[in-house]
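Coordinates from start14.tsv are shown below (TSV, C-alpha atoms and all ligand atoms).
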chain	number	residue	atom	x	y	z
A	1	MET	CA	-52.16	78.33	-46.38
A	2	VAL	CA	-54.70	78.24	-43.54
A	3	LEU	CA	-56.27	81.54	-42.55
A	4	ILE	CA	-56.74	81.47	-38.78
A	5	ASP	CA	-60.29	82.66	-38.12
A	6	GLY	CA	-60.15	84.54	-34.83
A	7	LYS	CA	-63.73	85.76	-35.16
A	8	LYS	CA	-65.13	82.25	-35.47
A	9	THR	CA	-62.86	80.87	-32.74
A	10	SER	CA	-63.88	83.70	-30.43
A	11	GLU	CA	-67.56	82.94	-31.08
A	12	ILE	CA	-66.95	79.27	-30.26
A	13	LEU	CA	-65.13	80.17	-27.03
A	14	GLN	CA	-67.93	82.58	-26.07
A	15	SER	CA	-70.61	79.98	-26.74
A	16	GLU	CA	-68.69	77.51	-24.54
A	17	ILE	CA	-68.64	80.14	-21.78
A	18	ALA	CA	-72.37	80.82	-22.27
A	19	GLU	CA	-73.08	77.08	-21.91
A	20	GLU	CA	-71.18	77.06	-18.61
A	21	VAL	CA	-73.28	80.00	-17.39
A	22	VAL	CA	-76.48	78.13	-18.27
A	23	LYS	CA	-75.20	75.17	-16.21
A	24	ILE	CA	-74.30	77.44	-13.27
A	25	LYS	CA	-77.81	78.99	-13.39
A	26	PHE	CA	-79.45	75.57	-13.60
A	27	LEU	CA	-77.58	74.44	-10.50
A	28	GLY	CA	-78.51	77.65	-8.66
A	29	GLY	CA	-74.92	78.95	-8.51
A	30	LYS	CA	-73.74	82.55	-8.58
A	31	ILE	CA	-73.67	84.21	-11.99
A	32	PRO	CA	-70.13	85.39	-12.93
A	33	HIS	CA	-69.79	89.15	-12.47
A	34	LEU	CA	-67.22	91.38	-14.20
A	35	ALA	CA	-66.76	95.09	-13.56
A	36	ALA	CA	-64.91	97.63	-15.70
A	37	VAL	CA	-63.56	100.98	-14.55
A	38	LEU	CA	-63.34	103.60	-17.28
A	39	VAL	CA	-61.61	106.94	-16.76
A	40	GLY	CA	-62.27	109.80	-19.18
A	41	HIS	CA	-63.60	109.68	-22.74
A	42	ASP	CA	-60.76	108.28	-24.88
A	43	GLY	CA	-62.40	106.93	-28.05
A	44	GLY	CA	-60.48	103.65	-28.09
A	45	SER	CA	-61.10	102.94	-24.39
A	46	GLU	CA	-64.83	103.75	-24.75
A	47	THR	CA	-65.10	101.28	-27.65
A	48	TYR	CA	-63.18	98.50	-25.86
A	49	VAL	CA	-65.13	98.85	-22.61
A	50	ALA	CA	-68.49	98.97	-24.43
A	51	ALA	CA	-67.52	95.79	-26.30
A	52	LYS	CA	-66.56	94.09	-23.02
A	53	VAL	CA	-69.89	95.01	-21.37
A	54	LYS	CA	-71.81	93.80	-24.45
A	55	ALA	CA	-69.86	90.54	-24.47
A	56	CYS	CA	-70.78	89.98	-20.80
A	57	GLU	CA	-74.47	90.30	-21.71
A	58	ARG	CA	-74.00	87.88	-24.61
A	59	VAL	CA	-72.63	85.08	-22.43
A	60	GLY	CA	-75.02	85.74	-19.53
A	61	PHE	CA	-72.56	87.38	-17.10
A	62	LYS	CA	-73.51	90.22	-14.81
A	63	SER	CA	-71.51	93.37	-15.62
A	64	THR	CA	-70.94	96.71	-13.93
A	65	LEU	CA	-69.44	99.82	-15.52
A	66	ILE	CA	-67.91	102.45	-13.25
A	67	ARG	CA	-67.04	105.77	-14.86
A	68	PHE	CA	-64.83	108.62	-13.74
A	69	GLU	CA	-64.01	111.91	-15.40
A	70	ASP	CA	-60.42	112.65	-16.53
A	71	ASN	CA	-59.80	114.78	-13.44
A	72	VAL	CA	-60.36	111.92	-10.96
A	73	THR	CA	-57.53	111.82	-8.42
A	74	GLU	CA	-55.27	108.82	-7.90
A	75	GLU	CA	-56.59	108.58	-4.33
A	76	GLU	CA	-60.22	108.38	-5.51
A	77	LEU	CA	-59.32	105.68	-8.01
A	78	LEU	CA	-57.40	103.71	-5.36
A	79	LYS	CA	-60.47	103.94	-3.10
A	80	CYS	CA	-62.64	102.57	-5.92
A	81	VAL	CA	-60.22	99.67	-6.46
A	82	ALA	CA	-60.25	98.89	-2.71
A	83	LYS	CA	-64.06	98.83	-2.77
A	84	LEU	CA	-64.09	96.48	-5.77
A	85	ASN	CA	-61.46	94.25	-4.10
A	86	ASN	CA	-63.85	93.82	-1.15
A	87	ASP	CA	-67.04	93.37	-3.17
A	88	THR	CA	-67.91	89.72	-2.59
A	89	ASP	CA	-70.30	89.61	-5.55
A	90	LEU	CA	-67.53	90.54	-8.03
A	91	ASP	CA	-65.44	87.76	-9.58
A	92	GLY	CA	-63.14	90.11	-11.42
A	93	PHE	CA	-62.64	93.65	-12.60
A	94	ILE	CA	-60.48	95.63	-14.97
A	95	VAL	CA	-59.26	99.20	-14.95
A	96	GLN	CA	-59.14	100.21	-18.62
A	97	LEU	CA	-55.72	101.55	-19.61
A	98	PRO	CA	-54.31	104.03	-20.50
A	99	LEU	CA	-55.03	106.27	-17.50
A	100	PRO	CA	-54.52	110.07	-17.45
A	101	LYS	CA	-50.89	111.10	-16.91
A	102	HIS	CA	-51.40	112.28	-13.30
A	103	ILE	CA	-52.33	108.72	-12.23
A	104	SER	CA	-49.70	106.01	-11.84
A	105	GLU	CA	-50.88	102.94	-13.78
A	106	GLU	CA	-48.35	100.85	-11.89
A	107	LYS	CA	-49.80	101.91	-8.53
A	108	ILE	CA	-53.38	101.22	-9.65
A	109	VAL	CA	-52.56	97.80	-11.13
A	110	GLU	CA	-50.61	96.82	-8.00
A	111	SER	CA	-53.57	97.81	-5.80
A	112	ILE	CA	-55.86	95.27	-7.50
A	113	ASN	CA	-56.37	92.03	-5.61
A	114	PRO	CA	-54.56	89.44	-7.79
A	115	ARG	CA	-57.52	87.08	-7.24
A	116	LYS	CA	-59.74	89.55	-9.11
A	117	ASP	CA	-57.14	90.70	-11.66
A	118	VAL	CA	-58.78	89.09	-14.70
A	119	ASP	CA	-56.62	91.27	-17.00
A	120	GLY	CA	-53.61	89.38	-15.61
A	121	PHE	CA	-51.53	92.58	-15.29
A	122	HIS	CA	-50.74	92.34	-11.55
A	123	PRO	CA	-47.10	91.33	-10.82
A	124	VAL	CA	-48.38	88.37	-8.77
A	125	ASN	CA	-50.18	86.96	-11.81
A	126	VAL	CA	-47.22	87.72	-14.07
A	127	GLY	CA	-44.91	85.98	-11.57
A	128	ARG	CA	-47.20	82.97	-11.30
A	129	MET	CA	-47.30	82.71	-15.09
A	130	VAL	CA	-43.49	82.78	-15.24
A	131	ALA	CA	-43.32	80.12	-12.51
A	132	GLY	CA	-45.78	77.98	-14.49
A	133	VAL	CA	-48.44	77.85	-11.76
A	134	PRO	CA	-52.11	78.72	-12.39
A	135	ALA	CA	-52.46	82.45	-13.08
A	136	PHE	CA	-54.70	84.91	-14.85
A	137	ILE	CA	-52.93	85.31	-18.18
A	138	SER	CA	-53.37	88.62	-19.95
A	139	ALA	CA	-56.08	88.43	-22.57
A	140	THR	CA	-54.16	88.95	-25.82
A	141	PRO	CA	-51.42	86.33	-25.15
A	142	PHE	CA	-54.08	83.97	-23.77
A	143	GLY	CA	-56.14	84.41	-26.96
A	144	ILE	CA	-53.11	83.72	-29.16
A	145	MET	CA	-52.27	80.53	-27.22
A	146	GLU	CA	-55.90	79.45	-27.61
A	147	LEU	CA	-55.70	79.98	-31.41
A	148	ILE	CA	-52.46	77.96	-31.57
A	149	LYS	CA	-54.03	75.12	-29.54
A	150	ARG	CA	-57.37	75.06	-31.36
A	151	TYR	CA	-55.70	75.04	-34.79
A	152	LYS	CA	-53.40	72.26	-33.50
A	153	ILE	CA	-50.28	74.13	-34.61
A	154	GLU	CA	-47.15	72.14	-33.83
A	155	THR	CA	-44.98	74.06	-31.37
A	156	SER	CA	-42.60	71.51	-29.83
A	157	GLY	CA	-38.98	72.35	-30.67
A	158	LYS	CA	-40.01	75.06	-33.14
A	159	ASN	CA	-38.01	78.26	-33.50
A	160	CYS	CA	-40.27	81.11	-32.51
A	161	VAL	CA	-39.55	84.80	-32.91
A	162	VAL	CA	-41.62	87.31	-30.94
A	163	ILE	CA	-41.23	90.91	-32.13
A	164	GLY	CA	-42.03	93.38	-29.32
A	165	ARG	CA	-41.36	93.07	-25.58
A	166	SER	CA	-44.30	94.92	-24.00
A	167	ASN	CA	-45.62	93.69	-20.65
A	168	ILE	CA	-49.06	92.99	-22.07
A	169	VAL	CA	-48.18	91.21	-25.32
A	170	GLY	CA	-44.61	90.43	-26.39
A	171	ARG	CA	-42.97	89.45	-23.10
A	172	PRO	CA	-45.81	87.21	-21.83
A	173	MET	CA	-46.00	85.63	-25.31
A	174	SER	CA	-42.32	84.73	-25.13
A	175	ILE	CA	-42.84	83.08	-21.73
A	176	LEU	CA	-45.98	81.15	-22.71
A	177	LEU	CA	-44.40	79.83	-25.91
A	178	SER	CA	-41.33	78.58	-24.06
A	179	GLN	CA	-43.23	76.90	-21.24
A	180	LYS	CA	-43.21	73.13	-20.76
A	181	GLY	CA	-45.77	71.44	-22.99
A	182	ILE	CA	-45.53	74.16	-25.67
A	183	ASP	CA	-41.74	73.85	-25.91
A	184	CYS	CA	-40.80	76.47	-28.48
A	185	THR	CA	-37.27	77.86	-28.61
A	186	VAL	CA	-38.03	81.55	-28.33
A	187	THR	CA	-36.13	84.63	-29.48
A	188	LEU	CA	-37.58	87.86	-28.11
A	189	CYS	CA	-36.82	90.81	-30.40
A	190	HIS	CA	-37.30	94.53	-29.80
A	191	SER	CA	-36.35	97.95	-31.15
A	192	ARG	CA	-32.63	97.41	-30.36
A	193	THR	CA	-32.42	93.97	-31.97
A	194	LYS	CA	-29.77	93.67	-34.69
A	195	ASN	CA	-30.31	91.64	-37.87
A	196	LEU	CA	-34.03	91.19	-37.26
A	197	LYS	CA	-34.57	90.22	-40.89
A	198	ALA	CA	-32.11	87.30	-40.65
A	199	ILE	CA	-33.57	86.20	-37.28
A	200	CYS	CA	-37.13	86.19	-38.67
A	201	ALA	CA	-36.06	84.30	-41.79
A	202	GLU	CA	-35.05	81.36	-39.56
A	203	ALA	CA	-38.35	81.30	-37.62
A	204	ASP	CA	-40.97	78.56	-37.78
A	205	ILE	CA	-43.41	80.79	-35.87
A	206	ILE	CA	-43.42	84.61	-35.83
A	207	VAL	CA	-45.53	86.70	-33.46
A	208	ALA	CA	-45.47	90.31	-34.67
A	209	ALA	CA	-46.44	92.69	-31.85
A	210	LEU	CA	-44.58	95.94	-32.42
A	211	GLY	CA	-47.32	98.26	-33.63
A	212	MET	CA	-45.76	99.29	-36.96
A	213	ALA	CA	-48.09	98.83	-39.91
A	214	GLU	CA	-46.96	96.23	-42.48
A	215	PHE	CA	-43.50	95.93	-40.90
A	216	LEU	CA	-43.05	92.20	-41.59
A	217	THR	CA	-42.49	91.76	-45.32
A	218	GLY	CA	-42.37	88.66	-47.52
A	219	ASP	CA	-38.56	88.55	-47.62
A	220	MET	CA	-38.44	88.22	-43.79
A	221	VAL	CA	-40.48	85.03	-43.69
A	222	LYS	CA	-39.50	81.50	-44.64
A	223	GLU	CA	-41.76	79.12	-46.60
A	224	GLY	CA	-44.22	77.27	-44.35
A	225	ALA	CA	-43.92	79.66	-41.38
A	226	VAL	CA	-46.78	80.35	-38.97
A	227	VAL	CA	-47.40	84.11	-38.65
A	228	ILE	CA	-49.46	85.67	-35.85
A	229	ASP	CA	-50.19	89.36	-36.42
A	230	VAL	CA	-51.03	91.24	-33.22
A	231	GLY	CA	-50.58	94.79	-34.51
A	232	ILE	CA	-53.42	97.20	-34.98
A	233	THR	CA	-52.76	100.53	-36.68
A	234	ARG	CA	-55.71	102.68	-37.68
A	235	ILE	CA	-55.14	104.62	-40.88
A	236	LYS	CA	-57.39	106.95	-42.85
A	237	SER	CA	-59.00	105.43	-45.91
A	238	ASP	CA	-61.39	106.75	-48.52
A	239	LYS	CA	-62.33	103.18	-49.48
A	240	THR	CA	-64.22	102.33	-46.26
A	241	LYS	CA	-67.55	103.62	-44.95
A	242	SER	CA	-66.05	104.65	-41.61
A	243	GLY	CA	-63.17	106.50	-43.28
A	244	TRP	CA	-60.65	104.30	-41.40
A	245	LYS	CA	-59.03	100.98	-41.99
A	246	LEU	CA	-57.01	98.70	-39.73
A	247	LEU	CA	-53.55	97.48	-40.67
A	248	GLY	CA	-51.59	94.76	-38.94
A	249	ASP	CA	-47.82	94.52	-38.42
A	250	VAL	CA	-47.63	92.10	-41.36
A	251	LYS	CA	-47.66	92.93	-45.06
A	252	PHE	CA	-50.37	90.38	-45.64
A	253	GLU	CA	-50.35	90.07	-49.47
A	254	GLU	CA	-46.61	89.33	-49.48
A	255	VAL	CA	-46.41	87.14	-46.39
A	256	ALA	CA	-49.61	85.06	-46.57
A	257	PRO	CA	-48.67	83.01	-49.70
A	258	LYS	CA	-45.52	81.77	-47.90
A	259	CYS	CA	-47.27	80.76	-44.67
A	260	SER	CA	-48.72	77.48	-43.43
A	261	TYR	CA	-50.96	79.49	-41.05
A	262	ILE	CA	-51.57	83.22	-40.72
A	263	THR	CA	-53.92	85.48	-38.75
A	264	PRO	CA	-55.60	88.33	-40.66
A	265	VAL	CA	-56.14	91.89	-39.38
A	266	PRO	CA	-58.94	92.46	-38.61
A	267	GLY	CA	-60.51	89.13	-37.64
A	268	GLY	CA	-57.46	87.34	-36.21
A	269	VAL	CA	-56.02	88.02	-32.75
A	270	GLY	CA	-58.32	90.97	-31.93
A	271	PRO	CA	-61.62	89.11	-31.49
A	272	MET	CA	-59.97	86.58	-29.15
A	273	THR	CA	-58.99	89.24	-26.62
A	274	ILE	CA	-62.48	89.90	-25.22
A	275	ALA	CA	-63.39	86.20	-25.19
A	276	SER	CA	-60.23	85.56	-23.14
A	277	LEU	CA	-61.20	88.20	-20.59
A	278	LEU	CA	-64.59	86.51	-20.19
A	279	TYR	CA	-62.87	83.15	-19.83
A	280	ASN	CA	-60.63	84.52	-17.05
A	281	THR	CA	-63.75	85.82	-15.27
A	282	LEU	CA	-65.36	82.39	-15.54
A	283	LEU	CA	-62.19	80.77	-14.13
A	284	SER	CA	-62.29	83.27	-11.26
A	285	SER	CA	-65.94	82.55	-10.47
A	286	LYS	CA	-65.16	78.82	-10.42
A	287	LYS	CA	-62.12	79.49	-8.17
A	288	GLU	CA	-59.93	77.62	-10.63
A	289	ILE	CA	-56.84	79.85	-10.41
A	290	TYR	CA	-56.72	80.64	-6.68
A	291	LYS	CA	-58.35	77.60	-5.04
B	1	LIG	P1	-45.82	98.66	-27.21
B	1	LIG	O1	-45.69	99.95	-27.94
B	1	LIG	O2	-45.99	98.67	-25.73
B	1	LIG	O3	-44.54	97.77	-27.54
B	1	LIG	C1	-43.99	97.69	-28.81
B	1	LIG	C2	-42.75	96.85	-28.77
B	1	LIG	O4	-42.26	96.73	-30.09
B	1	LIG	C3	-41.64	97.41	-27.91
B	1	LIG	O5	-41.17	96.39	-27.05
B	1	LIG	C4	-40.53	97.80	-28.90
B	1	LIG	O6	-39.23	97.49	-28.41
B	1	LIG	C5	-40.87	96.93	-30.09
B	1	LIG	N1	-40.47	97.59	-31.34
B	1	LIG	C6	-40.77	98.83	-31.73
B	1	LIG	N2	-40.22	99.09	-32.93
B	1	LIG	C7	-39.53	98.00	-33.29
B	1	LIG	C8	-38.75	97.64	-34.41
B	1	LIG	N3	-38.54	98.49	-35.43
B	1	LIG	N4	-38.20	96.42	-34.46
B	1	LIG	C9	-38.40	95.54	-33.45
B	1	LIG	N5	-39.14	95.80	-32.36
B	1	LIG	C10	-39.71	97.03	-32.28
B	1	LIG	O7	-46.99	97.88	-27.95
B	1	LIG	P2	-48.04	96.75	-27.45
B	1	LIG	O8	-48.94	97.30	-26.44
B	1	LIG	O9	-47.31	95.47	-27.17
B	1	LIG	O10	-48.86	96.58	-28.82
B	1	LIG	C11	-48.23	96.19	-30.03
B	1	LIG	C12	-49.26	96.23	-31.14
B	1	LIG	O11	-50.28	95.28	-30.85
B	1	LIG	C13	-49.99	97.57	-31.30
B	1	LIG	O12	-50.28	97.77	-32.65
B	1	LIG	C14	-51.27	97.37	-30.52
B	1	LIG	O13	-52.32	98.19	-31.00
B	1	LIG	C15	-51.54	95.92	-30.81
B	1	LIG	N6	-52.36	95.23	-29.80
B	1	LIG	C16	-53.37	94.46	-30.27
B	1	LIG	C17	-54.15	93.75	-29.38
B	1	LIG	C18	-55.25	92.90	-29.91
B	1	LIG	O14	-56.16	92.55	-29.19
B	1	LIG	N7	-55.18	92.50	-31.17
B	1	LIG	C19	-53.93	93.84	-28.01
B	1	LIG	C20	-52.84	94.62	-27.56
B	1	LIG	C21	-52.06	95.30	-28.48
Could you take the file, read its structure, and then write that structure out as C-alpha cells?
Amino acid sequence: MVLIDGKKTSEILQSEIAEEVVKIKFLGGKIPHLAAVLVGHDGGSETYVAAKVKACERVGFKSTLIRFEDNVTEEELLKCVAKLNNDTDLDGFIVQLPLPKHISEEKIVESINPRKDVDGFHPVNVGRMVAGVPAFISATPFGIMELIKRYKIETSGKNCVVIGRSNIVGRPMSILLSQKGIDCTVTLCHSRTKNLKAICAEADIIVAALGMAEFLTGDMVKEGAVVIDVGITRIKSDKTKSGWKLLGDVKFEEVAPKCSYITPVPGGVGPMTIASLLYNTLLSSKKEIYK
C-alpha cells in the first residue's frame, strides 16, 4: 500500500511555483497577484483565507485581503467584485464561501470575470472544463488530479466511483476523470444512489467526497483499489492538544490494508487545495488559460 503524501506533493508544487516567480522577477515581469474577499468572521473561512494569504507570501506572490462585515449588502459586494474585475494589477481573486444568507452566492460568482476566476467556480470555467478546453479548474479536483498524475496512478479504462455530486468537488471530479487522456469509466453516486456498497466493491478507484465521517468501510472496497478521501469532518477529541481531530470519509484502518494507494486525512487532499489555487493564479498571470 502506498500512502499518498499530499503535504509533500503540495510543498513540491509550491516550490515549483516559487521558482517560476523567481524567473519572472529576474526577467523584470509582473509578480502574480491574488486577492481574497472575506465576509464576516466564520472560523473556517478565516483559517482558509489566512492560509491562502500566507501561501502567497511563501511563493513570492503579491496578495490582497479585502474584508467586509456580515451585514455587507449584496450590492456593495457586487461593486467590490466589479472593481476587482477591472483592477489590471490583479491576476485573480476569490470570494471565500459560504456567504451570509442574504447574499446570493450564485449572483456573486457569476459577476466574477471568468479570466480572474482562479477558484474555477464561474459557469464559463465549468463549461470550458466540460468541453475540454483550457479552464480554471476548481482547486480541490485540480489537486486530486495532480496527485493521481504525480503518483503515476493508472487511470485508462479503470472503473471509478465518485461519491458526492457537489459543484466544487464530486461533479467536476467525475468530468475530469472521464476526460480524454485520463479515460476512466466513471459512476457518479449521491445520496439517492441505490446499492452503493455493491457499486463501490467493483471500483478500481474511489473518490469519497460526501462529508460523512468514516462512511467508506473495508467491506465496500476491493483488494488493490485506489482510494482518495476528500472528506473533512471535525470532531471533538480529548486526545489532541487542540481538542479537535479531523476525520475523512474513509474508515482508514479498515480500508488502507486493501488499497494499492490511499490518501490520509489530514495530509492527503487538503494540502493540495491551496497549492492548486496558487497554480491557477500563476497560469492566469502567464495568460495560459485565456490567451
Ligand atoms: P456537499 O455537502 O456539497 O456534497 C455532498 C454530496 O454527498 C452530495 O452530492 C450528496 O448527494 C452526497 N451524499 C450525501 N450523503 C450521501 C450518502 N449517504 N451516500 C452517497 N452520497 C451522499 O459537500 P462538498 O462541498 O462536496 O464536500 C464534501 C466533503 O469534502 C466535506 O467533508 C468537505 O468538508 C470536504 N472538502 C474537502 C476539501 C479539501 O480541500 N480536502 C475541499 C472541499 C470539500
Selection near A:Ala208, 9 Å with all atoms listed in the file, sequence-local residues under 4 positions removed, as a ChimeraX atom specification: /A:161-164,170,215-216,227-231,248-250
Would you mind exporting the chosen residues as a PDB file, keeping the file's coordinate frame, restricted to C-alpha atoms?
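The resulting file, again.pdb, is reproduced below:
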ATOM      1  CA  VAL A 161     -39.550  84.800 -32.910  1.00  0.00           C
ATOM      2  CA  VAL A 162     -41.620  87.310 -30.940  1.00  0.00           C
ATOM      3  CA  ILE A 163     -41.230  90.910 -32.130  1.00  0.00           C
ATOM      4  CA  GLY A 164     -42.030  93.380 -29.320  1.00  0.00           C
ATOM      5  CA  GLY A 170     -44.610  90.430 -26.390  1.00  0.00           C
ATOM      6  CA  PHE A 215     -43.500  95.930 -40.900  1.00  0.00           C
ATOM      7  CA  LEU A 216     -43.050  92.200 -41.590  1.00  0.00           C
ATOM      8  CA  VAL A 227     -47.400  84.110 -38.650  1.00  0.00           C
ATOM      9  CA  ILE A 228     -49.460  85.670 -35.850  1.00  0.00           C
ATOM     10  CA  ASP A 229     -50.190  89.360 -36.420  1.00  0.00           C
ATOM     11  CA  VAL A 230     -51.030  91.240 -33.220  1.00  0.00           C
ATOM     12  CA  GLY A 231     -50.580  94.790 -34.510  1.00  0.00           C
ATOM     13  CA  GLY A 248     -51.590  94.760 -38.940  1.00  0.00           C
ATOM     14  CA  ASP A 249     -47.820  94.520 -38.420  1.00  0.00           C
ATOM     15  CA  VAL A 250     -47.630  92.100 -41.360  1.00  0.00           C
TER      16      VAL A 250
END
Quick one: residues within 12 Å of A:Ile12, only C-alpha atoms, excluding same-chain residues fewer than 5 positions away - as a ChimeraX atom specification? /A:5-7,17-19,59,146-147,150,271-272,275-276,279
Using 10 Å as the limit and counting only C-alpha atoms and all ligand atoms, can you tabulate each residue of chain A that touches ligand LIG 1 (chain B), with its shortest atom-to-atom distance in Å and the two atoms involved, as a tab-separated table?
residue	atom	partner	partner_atom	distance
A:Tyr48	CA	B:LIG1	O14	9.8
A:Ser138	CA	B:LIG1	C19	9.6
A:Ala139	CA	B:LIG1	O14	7.8
A:Thr140	CA	B:LIG1	O14	5.3
A:Pro141	CA	B:LIG1	C19	8.4
A:Gly143	CA	B:LIG1	O14	8.4
A:Ile144	CA	B:LIG1	N7	9.2
A:Val162	CA	B:LIG1	N5	9.0
A:Ile163	CA	B:LIG1	N5	5.3
A:Gly164	CA	B:LIG1	O4	3.4
A:Arg165	CA	B:LIG1	O5	3.6
A:Ser166	CA	B:LIG1	O9	4.4
A:Asn167	CA	B:LIG1	O9	7.0
A:Ile168	CA	B:LIG1	O9	5.9
A:Val169	CA	B:LIG1	O9	4.7
A:Gly170	CA	B:LIG1	O9	5.8
A:Arg171	CA	B:LIG1	O5	8.2
A:Pro172	CA	B:LIG1	O9	9.9
A:Leu188	CA	B:LIG1	N5	9.1
A:Cys189	CA	B:LIG1	N5	5.8
A:His190	CA	B:LIG1	N5	3.4
A:Ser191	CA	B:LIG1	C10	3.7
A:Arg192	CA	B:LIG1	C9	6.8
A:Thr193	CA	B:LIG1	C9	6.4
A:Lys194	CA	B:LIG1	N4	8.9
A:Asn195	CA	B:LIG1	N4	9.8
A:Leu196	CA	B:LIG1	C9	7.2
A:Lys197	CA	B:LIG1	N4	9.6
A:Ala208	CA	B:LIG1	C12	7.9
A:Ala209	CA	B:LIG1	C11	4.3
A:Leu210	CA	B:LIG1	O4	3.4
A:Gly211	CA	B:LIG1	O12	3.2
A:Met212	CA	B:LIG1	O12	6.4
A:Ala213	CA	B:LIG1	O12	7.7
A:Phe215	CA	B:LIG1	N3	7.8
A:Leu216	CA	B:LIG1	N4	9.6
A:Asp229	CA	B:LIG1	N7	7.9
A:Val230	CA	B:LIG1	O11	4.7
A:Gly231	CA	B:LIG1	O12	3.5
A:Ile232	CA	B:LIG1	O12	4.0
A:Thr233	CA	B:LIG1	O12	5.5
A:Arg234	CA	B:LIG1	O13	8.7
A:Leu246	CA	B:LIG1	O12	9.8
A:Leu247	CA	B:LIG1	O12	8.7
A:Gly248	CA	B:LIG1	O12	7.1
A:Asp249	CA	B:LIG1	O12	7.1
A:Val265	CA	B:LIG1	N7	8.3
A:Pro266	CA	B:LIG1	N7	8.3
A:Gly267	CA	B:LIG1	N7	9.0
A:Gly268	CA	B:LIG1	N7	7.6
A:Val269	CA	B:LIG1	N7	4.8
A:Gly270	CA	B:LIG1	N7	3.6
A:Pro271	CA	B:LIG1	O14	6.9
A:Met272	CA	B:LIG1	O14	7.1
A:Thr273	CA	B:LIG1	O14	5.1
A:Ile274	CA	B:LIG1	O14	7.9
Taking all atoms listed in the file into account, name the residue in A:Lys287, A:Lys79, A:Lys180, A:Lys245 that is nearest to A:Val130. A:Lys180
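The residue that comes closest to A:Ser15, out of A:Gly92, A:Arg58, A:Asn113, A:Thr64 and on the basis of only C-alpha atoms, is A:Arg58.
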Using all atoms listed in the file, which residue out of A:Phe93, A:Tyr290, A:Trp244, A:Tyr151 lies closest to A:Tyr261?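 Checking each candidate against A:Tyr261, we get A:Tyr151 as the closest.
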Non-local contacts of A:Ala203 (12 Å; only C-alpha atoms; under 2 positions in same chain excluded) as an MDAnalysis selection string: chainID A and resid 155 157:163 184:188 196:201 205:208 220:227 259
Close residues, A:Ile108 itself excluded, 9 Å, all atoms listed in the file, min 2 positions apart in chain, as a list in words: Glu74, Leu77, Leu78, Val81, Val95, Ile103, Ser104, Glu105, Glu106, Glu110, Ser111 and Ile112 of chain A
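Taking all atoms listed in the file into account, A:Lys83 lies nearest to A:Ala35 out of the set A:Ala35, A:His41, A:Met129, A:Gly29.
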Step by step: start from the point (-50.6, 76.7, -13.7) in the file's coordinates, keep every protein, DNA or RNA residue that has an atom no farther than 12 Å from it, count all atoms listed in the file, and write the set as a list in words.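 The requested residues, written out, are Asn125, Val126, Gly127, Arg128, Met129, Val130, Ala131, Gly132, Val133, Pro134, Ala135, Phe136, Ile137, Leu176, Gln179, Lys180, Gly181, Glu288, Ile289, Tyr290 and Lys291 of chain A.
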Keeping C-alpha atoms, export the residues of the selection given above as a PDB file, in the frame of the given file.
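Done, and the output landed in result.pdb:
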ATOM      1  CA  ASN A 125     -50.180  86.960 -11.810  1.00  0.00           C
ATOM      2  CA  VAL A 126     -47.220  87.720 -14.070  1.00  0.00           C
ATOM      3  CA  GLY A 127     -44.910  85.980 -11.570  1.00  0.00           C
ATOM      4  CA  ARG A 128     -47.200  82.970 -11.300  1.00  0.00           C
ATOM      5  CA  MET A 129     -47.300  82.710 -15.090  1.00  0.00           C
ATOM      6  CA  VAL A 130     -43.490  82.780 -15.240  1.00  0.00           C
ATOM      7  CA  ALA A 131     -43.320  80.120 -12.510  1.00  0.00           C
ATOM      8  CA  GLY A 132     -45.780  77.980 -14.490  1.00  0.00           C
ATOM      9  CA  VAL A 133     -48.440  77.850 -11.760  1.00  0.00           C
ATOM     10  CA  PRO A 134     -52.110  78.720 -12.390  1.00  0.00           C
ATOM     11  CA  ALA A 135     -52.460  82.450 -13.080  1.00  0.00           C
ATOM     12  CA  PHE A 136     -54.700  84.910 -14.850  1.00  0.00           C
ATOM     13  CA  ILE A 137     -52.930  85.310 -18.180  1.00  0.00           C
ATOM     14  CA  LEU A 176     -45.980  81.150 -22.710  1.00  0.00           C
ATOM     15  CA  GLN A 179     -43.230  76.900 -21.240  1.00  0.00           C
ATOM     16  CA  LYS A 180     -43.210  73.130 -20.760  1.00  0.00           C
ATOM     17  CA  GLY A 181     -45.770  71.440 -22.990  1.00  0.00           C
ATOM     18  CA  GLU A 288     -59.930  77.620 -10.630  1.00  0.00           C
ATOM     19  CA  ILE A 289     -56.840  79.850 -10.410  1.00  0.00           C
ATOM     20  CA  TYR A 290     -56.720  80.640  -6.680  1.00  0.00           C
ATOM     21  CA  LYS A 291     -58.350  77.600  -5.040  1.00  0.00           C
TER      22      LYS A 291
END
Students should find that atom CA of A:Pro100 and atom CA of A:Val118 are spaced 21.6 Å
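Nearest to A:Pro257 of all the residues A:Leu34, A:Met1, A:Gln96, A:Lys152 is A:Met1, based on all atoms listed in the file.
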What is the distance, in Å and to one decimal place, between atom CA of A:Gly44 and atom CA of A:Ile235?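 It comes out at 13.9 Å.
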Rank nothing, just name the residue among A:Leu97, A:Ile4, A:Ala82, A:Ala36 nearest to A:Cys56, using only C-alpha atoms. A:Ala36
Work out how far atom CA of A:Val124 is from atom CA of A:Ile31, in Å to one decimal.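 So the answer is 25.8 Å.
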Give as a PyMOL selection string each residue that has an atom at most 9 Å from (-62.8, 109.8, -20.6) in the file, counting all atoms listed in the file. chain A and resi 38-43+45-46+67-70+100
